[in-house]
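What's in coords.cif: mmCIF, N, CA and C atoms
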```
data_input
#
loop_
_atom_site.label_atom_id
_atom_site.label_comp_id
_atom_site.auth_asym_id
_atom_site.auth_seq_id
_atom_site.Cartn_x
_atom_site.Cartn_y
_atom_site.Cartn_z
N MET A 1 34.35 -59.24 -56.02
CA MET A 1 34.75 -57.98 -56.61
C MET A 1 33.65 -56.95 -56.46
N LEU A 2 32.39 -57.37 -56.63
CA LEU A 2 31.29 -56.43 -56.51
C LEU A 2 31.19 -55.90 -55.10
N SER A 3 31.44 -56.75 -54.08
CA SER A 3 31.35 -56.26 -52.71
C SER A 3 32.38 -55.17 -52.45
N SER A 4 33.56 -55.26 -53.06
CA SER A 4 34.56 -54.21 -52.92
C SER A 4 34.07 -52.92 -53.56
N ALA A 5 33.43 -53.04 -54.70
CA ALA A 5 32.90 -51.85 -55.37
C ALA A 5 31.83 -51.20 -54.52
N LEU A 6 30.99 -52.02 -53.89
CA LEU A 6 29.94 -51.48 -53.04
C LEU A 6 30.52 -50.81 -51.80
N ARG A 7 31.59 -51.39 -51.25
CA ARG A 7 32.21 -50.79 -50.07
C ARG A 7 32.70 -49.39 -50.37
N CYS A 8 33.26 -49.19 -51.55
CA CYS A 8 33.82 -47.89 -51.90
C CYS A 8 32.77 -46.94 -52.45
N LEU A 9 31.63 -47.48 -52.81
CA LEU A 9 30.56 -46.68 -53.36
C LEU A 9 31.03 -45.80 -54.52
N ARG A 10 31.76 -46.40 -55.42
CA ARG A 10 32.27 -45.67 -56.58
C ARG A 10 31.23 -45.72 -57.68
N PRO A 11 30.68 -44.56 -58.09
CA PRO A 11 29.67 -44.56 -59.14
C PRO A 11 30.14 -45.23 -60.43
N SER A 12 31.42 -45.17 -60.74
CA SER A 12 31.91 -45.76 -61.99
C SER A 12 31.79 -47.27 -62.01
N CYS A 13 31.53 -47.88 -60.86
CA CYS A 13 31.42 -49.33 -60.78
C CYS A 13 30.04 -49.83 -61.15
N PHE A 14 29.08 -48.92 -61.35
CA PHE A 14 27.72 -49.31 -61.60
C PHE A 14 27.29 -48.90 -63.00
N SER A 15 26.04 -49.22 -63.33
CA SER A 15 25.50 -48.84 -64.62
C SER A 15 25.41 -47.32 -64.72
N PRO A 16 25.42 -46.76 -65.94
CA PRO A 16 25.36 -45.30 -66.10
C PRO A 16 24.14 -44.67 -65.43
N ALA A 17 22.97 -45.32 -65.51
CA ALA A 17 21.77 -44.74 -64.89
C ALA A 17 21.91 -44.71 -63.37
N PHE A 18 22.41 -45.80 -62.80
CA PHE A 18 22.59 -45.85 -61.35
C PHE A 18 23.68 -44.88 -60.93
N SER A 19 24.72 -44.73 -61.75
CA SER A 19 25.80 -43.79 -61.45
C SER A 19 25.27 -42.38 -61.35
N ARG A 20 24.37 -41.98 -62.27
CA ARG A 20 23.79 -40.63 -62.21
C ARG A 20 23.02 -40.43 -60.92
N GLN A 21 22.28 -41.47 -60.48
CA GLN A 21 21.54 -41.36 -59.23
C GLN A 21 22.50 -41.16 -58.06
N LEU A 22 23.59 -41.92 -58.03
CA LEU A 22 24.55 -41.80 -56.94
C LEU A 22 25.26 -40.46 -56.95
N LEU A 23 25.56 -39.94 -58.14
CA LEU A 23 26.25 -38.67 -58.22
C LEU A 23 25.41 -37.54 -57.62
N HIS A 24 24.10 -37.65 -57.73
CA HIS A 24 23.23 -36.60 -57.21
C HIS A 24 22.79 -36.89 -55.78
N HIS A 25 23.12 -38.05 -55.28
CA HIS A 25 22.76 -38.42 -53.92
C HIS A 25 23.98 -38.27 -53.03
N GLN A 26 23.88 -37.46 -52.00
CA GLN A 26 24.98 -37.32 -51.06
C GLN A 26 24.54 -37.93 -49.74
N PRO A 27 25.07 -39.12 -49.43
CA PRO A 27 24.65 -39.79 -48.21
C PRO A 27 25.01 -38.97 -46.98
N ARG A 28 24.12 -39.00 -46.02
CA ARG A 28 24.36 -38.30 -44.76
C ARG A 28 24.76 -39.34 -43.74
N MET A 29 26.05 -39.42 -43.46
CA MET A 29 26.52 -40.36 -42.46
C MET A 29 26.84 -39.58 -41.20
N GLU A 30 26.13 -39.85 -40.15
CA GLU A 30 26.44 -39.24 -38.87
C GLU A 30 27.68 -39.94 -38.33
N HIS A 31 28.30 -39.35 -37.33
CA HIS A 31 29.54 -39.90 -36.78
C HIS A 31 29.36 -41.35 -36.34
N SER A 32 28.19 -41.68 -35.83
CA SER A 32 27.96 -43.04 -35.36
C SER A 32 27.37 -43.93 -36.45
N GLY A 33 27.16 -43.39 -37.63
CA GLY A 33 26.56 -44.15 -38.71
C GLY A 33 27.52 -45.13 -39.34
N PRO A 34 27.06 -45.85 -40.35
CA PRO A 34 27.91 -46.85 -41.02
C PRO A 34 29.10 -46.19 -41.71
N ARG A 35 30.21 -46.82 -41.62
CA ARG A 35 31.45 -46.34 -42.24
C ARG A 35 32.08 -47.51 -42.99
N PRO A 36 31.58 -47.83 -44.20
CA PRO A 36 32.06 -49.03 -44.88
C PRO A 36 33.54 -49.00 -45.26
N VAL A 37 34.06 -47.86 -45.68
CA VAL A 37 35.47 -47.80 -46.07
C VAL A 37 36.34 -47.94 -44.82
N GLU A 38 35.98 -47.23 -43.77
CA GLU A 38 36.72 -47.32 -42.50
C GLU A 38 36.73 -48.76 -41.99
N SER A 39 35.60 -49.43 -42.06
CA SER A 39 35.52 -50.84 -41.62
C SER A 39 36.39 -51.74 -42.48
N THR A 40 36.40 -51.49 -43.78
CA THR A 40 37.22 -52.28 -44.69
C THR A 40 38.70 -52.10 -44.37
N ILE A 41 39.10 -50.86 -44.11
CA ILE A 41 40.50 -50.58 -43.76
C ILE A 41 40.87 -51.37 -42.50
N GLN A 42 40.02 -51.30 -41.48
CA GLN A 42 40.30 -52.02 -40.23
C GLN A 42 40.41 -53.52 -40.47
N THR A 43 39.48 -54.06 -41.22
CA THR A 43 39.47 -55.50 -41.48
C THR A 43 40.72 -55.94 -42.24
N LYS A 44 41.03 -55.23 -43.31
CA LYS A 44 42.17 -55.64 -44.15
C LYS A 44 43.50 -55.49 -43.42
N LEU A 45 43.67 -54.41 -42.67
CA LEU A 45 44.93 -54.23 -41.94
C LEU A 45 45.05 -55.25 -40.81
N THR A 46 43.95 -55.59 -40.18
CA THR A 46 43.96 -56.59 -39.12
C THR A 46 44.33 -57.96 -39.69
N GLN A 47 43.74 -58.31 -40.82
CA GLN A 47 44.04 -59.61 -41.43
C GLN A 47 45.48 -59.68 -41.93
N ALA A 48 45.95 -58.62 -42.56
CA ALA A 48 47.27 -58.65 -43.19
C ALA A 48 48.42 -58.49 -42.20
N LEU A 49 48.23 -57.64 -41.18
CA LEU A 49 49.36 -57.27 -40.33
C LEU A 49 49.25 -57.71 -38.87
N LYS A 50 48.12 -58.30 -38.49
CA LYS A 50 47.91 -58.77 -37.12
C LYS A 50 48.41 -57.74 -36.09
N PRO A 51 47.90 -56.52 -36.14
CA PRO A 51 48.42 -55.46 -35.27
C PRO A 51 48.08 -55.67 -33.79
N GLU A 52 49.00 -55.21 -32.95
CA GLU A 52 48.74 -55.17 -31.52
C GLU A 52 47.89 -53.94 -31.18
N HIS A 53 48.01 -52.94 -32.01
CA HIS A 53 47.22 -51.71 -31.84
C HIS A 53 46.93 -51.16 -33.23
N LEU A 54 45.69 -50.72 -33.45
CA LEU A 54 45.31 -50.17 -34.75
C LEU A 54 44.32 -49.04 -34.53
N GLU A 55 44.60 -47.90 -35.15
CA GLU A 55 43.67 -46.78 -35.14
C GLU A 55 43.44 -46.36 -36.58
N VAL A 56 42.18 -46.22 -36.95
CA VAL A 56 41.80 -45.76 -38.28
C VAL A 56 40.96 -44.51 -38.07
N ILE A 57 41.44 -43.38 -38.58
CA ILE A 57 40.77 -42.11 -38.36
C ILE A 57 40.38 -41.51 -39.70
N ASN A 58 39.09 -41.27 -39.85
CA ASN A 58 38.57 -40.64 -41.06
C ASN A 58 38.77 -39.13 -40.91
N GLU A 59 39.63 -38.56 -41.74
CA GLU A 59 39.91 -37.12 -41.69
C GLU A 59 39.26 -36.38 -42.86
N SER A 60 38.30 -37.00 -43.49
CA SER A 60 37.65 -36.40 -44.65
C SER A 60 36.98 -35.08 -44.31
N HIS A 61 36.47 -34.97 -43.09
CA HIS A 61 35.78 -33.74 -42.68
C HIS A 61 36.69 -32.51 -42.70
N MET A 62 38.01 -32.74 -42.74
CA MET A 62 38.97 -31.64 -42.76
C MET A 62 39.21 -31.11 -44.18
N HIS A 63 38.55 -31.72 -45.14
CA HIS A 63 38.78 -31.40 -46.55
C HIS A 63 37.47 -30.96 -47.20
N ALA A 64 37.59 -30.40 -48.38
CA ALA A 64 36.42 -29.92 -49.12
C ALA A 64 35.77 -31.08 -49.86
N VAL A 65 35.08 -31.92 -49.09
CA VAL A 65 34.37 -33.07 -49.64
C VAL A 65 32.97 -33.09 -49.04
N PRO A 66 32.04 -33.79 -49.67
CA PRO A 66 30.67 -33.84 -49.12
C PRO A 66 30.63 -34.45 -47.72
N THR A 67 29.67 -34.02 -46.95
CA THR A 67 29.45 -34.57 -45.61
C THR A 67 29.31 -36.08 -45.69
N GLY A 68 29.95 -36.77 -44.78
CA GLY A 68 29.85 -38.23 -44.74
C GLY A 68 30.87 -38.94 -45.62
N SER A 69 31.76 -38.18 -46.27
CA SER A 69 32.75 -38.80 -47.16
C SER A 69 33.72 -39.67 -46.39
N GLU A 70 34.25 -40.65 -47.07
CA GLU A 70 35.29 -41.52 -46.54
C GLU A 70 36.41 -41.59 -47.57
N SER A 71 37.18 -40.52 -47.65
CA SER A 71 38.21 -40.44 -48.69
C SER A 71 39.59 -40.11 -48.16
N HIS A 72 39.70 -39.54 -46.98
CA HIS A 72 40.98 -39.13 -46.39
C HIS A 72 41.12 -39.81 -45.02
N PHE A 73 42.18 -40.61 -44.86
CA PHE A 73 42.35 -41.36 -43.62
C PHE A 73 43.76 -41.23 -43.07
N ARG A 74 43.85 -41.43 -41.77
CA ARG A 74 45.12 -41.55 -41.05
C ARG A 74 45.05 -42.88 -40.32
N VAL A 75 46.10 -43.69 -40.44
CA VAL A 75 46.13 -44.96 -39.73
C VAL A 75 47.39 -45.05 -38.87
N LEU A 76 47.22 -45.65 -37.73
CA LEU A 76 48.34 -46.00 -36.85
C LEU A 76 48.29 -47.52 -36.74
N VAL A 77 49.36 -48.17 -37.16
CA VAL A 77 49.44 -49.62 -37.12
C VAL A 77 50.67 -50.00 -36.30
N VAL A 78 50.45 -50.77 -35.24
CA VAL A 78 51.53 -51.28 -34.41
C VAL A 78 51.55 -52.78 -34.59
N SER A 79 52.60 -53.27 -35.27
CA SER A 79 52.63 -54.69 -35.60
C SER A 79 54.03 -55.27 -35.43
N PRO A 80 54.12 -56.49 -34.88
CA PRO A 80 55.41 -57.18 -34.79
C PRO A 80 55.98 -57.47 -36.19
N GLN A 81 55.13 -57.48 -37.21
CA GLN A 81 55.60 -57.74 -38.57
C GLN A 81 56.51 -56.62 -39.08
N PHE A 82 56.51 -55.47 -38.40
CA PHE A 82 57.36 -54.35 -38.83
C PHE A 82 58.78 -54.45 -38.30
N GLU A 83 59.03 -55.42 -37.39
CA GLU A 83 60.37 -55.58 -36.82
C GLU A 83 61.40 -55.77 -37.93
N GLY A 84 62.47 -54.99 -37.88
CA GLY A 84 63.56 -55.13 -38.85
C GLY A 84 63.29 -54.51 -40.21
N LEU A 85 62.13 -53.90 -40.39
CA LEU A 85 61.80 -53.30 -41.69
C LEU A 85 62.00 -51.79 -41.65
N SER A 86 62.40 -51.24 -42.78
CA SER A 86 62.52 -49.78 -42.88
C SER A 86 61.12 -49.17 -42.91
N LEU A 87 61.04 -47.87 -42.70
CA LEU A 87 59.76 -47.18 -42.75
C LEU A 87 59.10 -47.36 -44.12
N LEU A 88 59.91 -47.29 -45.17
CA LEU A 88 59.38 -47.48 -46.52
C LEU A 88 58.78 -48.88 -46.68
N GLN A 89 59.46 -49.89 -46.18
CA GLN A 89 58.96 -51.27 -46.29
C GLN A 89 57.65 -51.44 -45.50
N ARG A 90 57.56 -50.79 -44.36
CA ARG A 90 56.34 -50.85 -43.55
C ARG A 90 55.18 -50.21 -44.30
N HIS A 91 55.43 -49.04 -44.88
CA HIS A 91 54.39 -48.35 -45.63
C HIS A 91 53.94 -49.18 -46.83
N ARG A 92 54.87 -49.84 -47.45
CA ARG A 92 54.51 -50.70 -48.59
C ARG A 92 53.59 -51.84 -48.17
N LEU A 93 53.82 -52.40 -46.99
CA LEU A 93 52.94 -53.46 -46.49
C LEU A 93 51.52 -52.93 -46.27
N VAL A 94 51.41 -51.74 -45.70
CA VAL A 94 50.09 -51.14 -45.48
C VAL A 94 49.44 -50.85 -46.83
N ASN A 95 50.20 -50.24 -47.73
CA ASN A 95 49.65 -49.92 -49.06
C ASN A 95 49.22 -51.18 -49.81
N GLU A 96 49.98 -52.24 -49.69
CA GLU A 96 49.62 -53.50 -50.36
C GLU A 96 48.31 -54.06 -49.80
N ALA A 97 48.15 -53.99 -48.49
CA ALA A 97 46.92 -54.49 -47.87
C ALA A 97 45.70 -53.70 -48.33
N LEU A 98 45.90 -52.42 -48.63
CA LEU A 98 44.79 -51.54 -49.02
C LEU A 98 44.83 -51.16 -50.50
N LYS A 99 45.52 -51.97 -51.29
CA LYS A 99 45.73 -51.67 -52.71
C LYS A 99 44.43 -51.35 -53.45
N GLU A 100 43.42 -52.16 -53.27
CA GLU A 100 42.16 -51.97 -53.99
C GLU A 100 41.49 -50.65 -53.59
N GLU A 101 41.45 -50.36 -52.29
CA GLU A 101 40.82 -49.14 -51.81
C GLU A 101 41.61 -47.91 -52.25
N LEU A 102 42.93 -48.00 -52.26
CA LEU A 102 43.76 -46.87 -52.69
C LEU A 102 43.57 -46.57 -54.18
N SER A 103 43.22 -47.58 -54.94
CA SER A 103 43.01 -47.36 -56.38
C SER A 103 41.59 -46.94 -56.70
N THR A 104 40.69 -46.99 -55.71
CA THR A 104 39.30 -46.66 -55.99
C THR A 104 38.77 -45.54 -55.11
N CYS A 105 38.73 -45.73 -53.81
CA CYS A 105 37.97 -44.79 -52.98
C CYS A 105 38.77 -43.99 -51.96
N ILE A 106 39.99 -44.37 -51.67
CA ILE A 106 40.79 -43.59 -50.73
C ILE A 106 41.62 -42.60 -51.51
N HIS A 107 41.41 -41.33 -51.23
CA HIS A 107 42.15 -40.26 -51.90
C HIS A 107 43.48 -39.99 -51.20
N ALA A 108 43.49 -40.05 -49.87
CA ALA A 108 44.71 -39.76 -49.11
C ALA A 108 44.79 -40.69 -47.91
N LEU A 109 46.01 -41.19 -47.66
CA LEU A 109 46.24 -42.09 -46.53
C LEU A 109 47.54 -41.71 -45.86
N ALA A 110 47.45 -41.25 -44.62
CA ALA A 110 48.65 -40.96 -43.81
C ALA A 110 48.89 -42.20 -42.94
N ILE A 111 50.13 -42.66 -42.92
CA ILE A 111 50.46 -43.92 -42.24
C ILE A 111 51.50 -43.68 -41.16
N GLN A 112 51.20 -44.21 -39.96
CA GLN A 112 52.21 -44.35 -38.92
C GLN A 112 52.33 -45.85 -38.68
N ALA A 113 53.49 -46.39 -38.96
CA ALA A 113 53.72 -47.83 -38.82
C ALA A 113 54.83 -48.04 -37.80
N LYS A 114 54.47 -48.59 -36.65
CA LYS A 114 55.43 -48.75 -35.55
C LYS A 114 55.53 -50.20 -35.11
N THR A 115 56.70 -50.52 -34.58
CA THR A 115 56.87 -51.82 -33.93
C THR A 115 56.28 -51.71 -32.53
N PRO A 116 55.98 -52.84 -31.89
CA PRO A 116 55.47 -52.76 -30.51
C PRO A 116 56.44 -52.03 -29.57
N GLN A 117 57.74 -52.21 -29.76
CA GLN A 117 58.72 -51.53 -28.91
C GLN A 117 58.66 -50.01 -29.12
N GLN A 118 58.57 -49.58 -30.37
CA GLN A 118 58.45 -48.14 -30.66
C GLN A 118 57.18 -47.57 -30.05
N TRP A 119 56.10 -48.32 -30.13
CA TRP A 119 54.82 -47.86 -29.58
C TRP A 119 54.88 -47.75 -28.06
N SER A 120 55.51 -48.73 -27.41
CA SER A 120 55.57 -48.70 -25.94
C SER A 120 56.43 -47.54 -25.45
N SER A 121 57.43 -47.14 -26.23
CA SER A 121 58.27 -46.00 -25.80
C SER A 121 57.66 -44.65 -26.19
N ASN A 122 56.73 -44.64 -27.16
CA ASN A 122 56.09 -43.39 -27.57
C ASN A 122 54.68 -43.68 -28.09
N PRO A 123 53.72 -43.90 -27.18
CA PRO A 123 52.36 -44.25 -27.61
C PRO A 123 51.53 -43.02 -28.01
N SER A 124 51.88 -42.45 -29.14
CA SER A 124 51.14 -41.26 -29.58
C SER A 124 50.88 -41.33 -31.08
N LEU A 125 49.82 -40.67 -31.45
CA LEU A 125 49.43 -40.57 -32.86
C LEU A 125 49.74 -39.15 -33.31
N ALA A 126 50.49 -39.02 -34.38
CA ALA A 126 50.83 -37.69 -34.89
C ALA A 126 49.56 -36.99 -35.37
N LYS A 127 49.55 -35.68 -35.24
CA LYS A 127 48.42 -34.89 -35.73
C LYS A 127 48.64 -34.55 -37.19
N SER A 128 47.55 -34.44 -37.91
CA SER A 128 47.63 -34.09 -39.32
C SER A 128 47.85 -32.60 -39.46
N PRO A 129 48.69 -32.21 -40.41
CA PRO A 129 48.84 -30.78 -40.68
C PRO A 129 47.58 -30.27 -41.36
N PRO A 130 47.36 -28.96 -41.32
CA PRO A 130 46.17 -28.43 -42.00
C PRO A 130 46.28 -28.70 -43.50
N CYS A 131 45.16 -29.01 -44.11
CA CYS A 131 45.11 -29.26 -45.54
C CYS A 131 45.30 -27.94 -46.27
N LEU A 132 46.21 -27.91 -47.21
CA LEU A 132 46.46 -26.68 -47.96
C LEU A 132 45.89 -26.72 -49.36
N GLY A 133 45.43 -27.86 -49.78
CA GLY A 133 44.90 -27.96 -51.14
C GLY A 133 43.48 -28.47 -51.14
N GLY A 134 42.53 -27.60 -51.01
CA GLY A 134 41.14 -28.01 -51.07
C GLY A 134 40.52 -28.24 -49.72
N SER A 135 41.07 -27.65 -48.67
CA SER A 135 40.45 -27.81 -47.37
C SER A 135 39.26 -26.88 -47.24
N LYS A 136 38.42 -27.14 -46.26
CA LYS A 136 37.28 -26.27 -46.01
C LYS A 136 37.73 -24.87 -45.65
N HIS A 137 38.93 -24.77 -45.14
CA HIS A 137 39.42 -23.48 -44.67
C HIS A 137 40.08 -22.66 -45.79
N ASP A 138 40.13 -23.21 -46.98
CA ASP A 138 40.66 -22.51 -48.14
C ASP A 138 39.55 -21.60 -48.67
N ASN A 139 39.73 -20.30 -48.52
CA ASN A 139 38.69 -19.34 -48.90
C ASN A 139 38.34 -19.43 -50.38
N THR A 140 39.25 -19.87 -51.22
CA THR A 140 38.98 -19.96 -52.65
C THR A 140 38.28 -21.26 -53.02
N MET A 141 38.23 -22.22 -52.07
CA MET A 141 37.68 -23.53 -52.39
C MET A 141 36.20 -23.47 -52.72
N ALA A 142 35.44 -22.67 -52.00
CA ALA A 142 34.00 -22.55 -52.30
C ALA A 142 33.80 -22.10 -53.74
N GLU A 143 34.62 -21.16 -54.17
CA GLU A 143 34.51 -20.67 -55.56
C GLU A 143 34.89 -21.79 -56.53
N LYS A 144 35.93 -22.54 -56.22
CA LYS A 144 36.37 -23.62 -57.09
C LYS A 144 35.30 -24.70 -57.19
N LEU A 145 34.68 -25.04 -56.06
CA LEU A 145 33.63 -26.05 -56.07
C LEU A 145 32.42 -25.56 -56.86
N LYS A 146 32.06 -24.29 -56.68
CA LYS A 146 30.92 -23.73 -57.41
C LYS A 146 31.21 -23.73 -58.91
N ALA A 147 32.42 -23.34 -59.29
CA ALA A 147 32.79 -23.30 -60.70
C ALA A 147 32.74 -24.69 -61.31
N GLY A 148 33.08 -25.72 -60.52
CA GLY A 148 33.04 -27.09 -61.00
C GLY A 148 31.64 -27.59 -61.26
N ARG A 149 30.64 -27.02 -60.60
CA ARG A 149 29.25 -27.45 -60.77
C ARG A 149 28.59 -26.76 -61.94
N ASP A 150 29.12 -25.63 -62.37
CA ASP A 150 28.50 -24.87 -63.48
C ASP A 150 28.78 -25.49 -64.82
#
```
Structure rendered as structure tokens:
Amino acid sequence: MLSSALRCLRPSCFSPAFSRQLLHHQPRMEHSGPRPVESTIQTKLTQALKPEHLEVINESHMHAVPTGSESHFRVLVVSPQFEGLSLLQRHRLVNEALKEELSTCIHALAIQAKTPQQWSSNPSLAKSPPCLGGSKHDNTMAEKLKAGRD
């Protein structure tokens, strides 16, 4: 359980003194740096769904979050386990595999769940729409973030 808490780096999982240190520390993760949440997503989806193709994309940089955040993701999962299942049932399988992360450190998860046949006929990943609530491109967001710190 502790390793899961460490993967998500949730300050609430630690002692109050350590939490204060983490709240004031903003890790700088370069693109090639460690990505513990992204790695956890890949591992859990691979174990649960045995995908033929899996893409995990951290889209946190498109939102008003600190540099290096791992809170907004898009996943493409191509698995034979999706055969005969509705889109809702497929999404539930993905959500179940990532239940712990969704309840702690993942703020948003966009899911594309395809069967191998669907993937072979259309091997593409949908693009994310622009974020309208708290994106970096929201001119009022800087003011909202500043007001939150005061």
Answer key for the PyMOL selection byres (((chain A and resi 42 and name CA) around 10) and name CA), residues as a ChimeraX atom specification: /A:36-41,43-47,54-56,75,77,98
Neighbour list for segment 58-61 of chain A as a list in words, cut-off 6.5 Å, all atoms listed in the file, skip fewer than 2 positions in-chain: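 Within the cut-off, the hits are Val56, His63, Ala64, Val65, Ser69, Glu70, Ser71, His72, Phe73 and Arg74 of chain A.
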Within 9 Å of file point (50.8, -54.2, -39.2), counting only C-alpha atoms, expressed as a list in words: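 Result, sorted by chain then residue number: Leu45, Thr46, Gln47, Ala48, Leu49, Lys50, Pro51, Glu52, His53, Leu54, Leu76, Val77, Val78, Ser79, Pro80, Gln81, Phe82, Arg90, Leu93, Val94, Ala113, Lys114 and Thr115 of chain A.
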Go ahead and fit an axis-aligned box to every listed atom of segment 65-81 of chain A plus 3 Å each side, and pass me the centre and edge lengths in Å, one decimal, as lines of an AutoDock Vina configuration file.
```
center_x = 42.9
center_y = -44.8
center_z = -42.0
size_x = 33.2
size_y = 31.8
size_z = 21.3
```
Residue nearest His91 of chain A among A:Ser128, A:Met62, A:Cys105, A:Ile111 (counting all atoms listed in the file):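 The closest residue to His91 of chain A is A:Ile111.
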One-decimal distance in Å that lies between atom C of Ser86 of chain A and atom N of Ala108 of chain A: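 A separation of 21.0 Å between them.
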Selected residue of minimal separation from Ala126 of chain A among A:Gln112, A:Asn95, A:Ser103, A:Gln89, counting all atoms listed in the file: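 Closest to Ala126 of chain A of all the choices is A:Gln112.
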Interatomic distance, atom C of Lys127 of chain A to atom C of Ile106 of chain A (Å, one decimal):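 A separation of 17.9 Å between them.
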Atomic separation - atom CA of Gly84 of chain A relative to atom CA of Gln117 of chain A, Å: 11.6 Å
Residue set, segment 70-108 of chain A restricted to helix (DSSP H, G or I), as a ChimeraX atom specification: /A:80-82,87-97,99-104
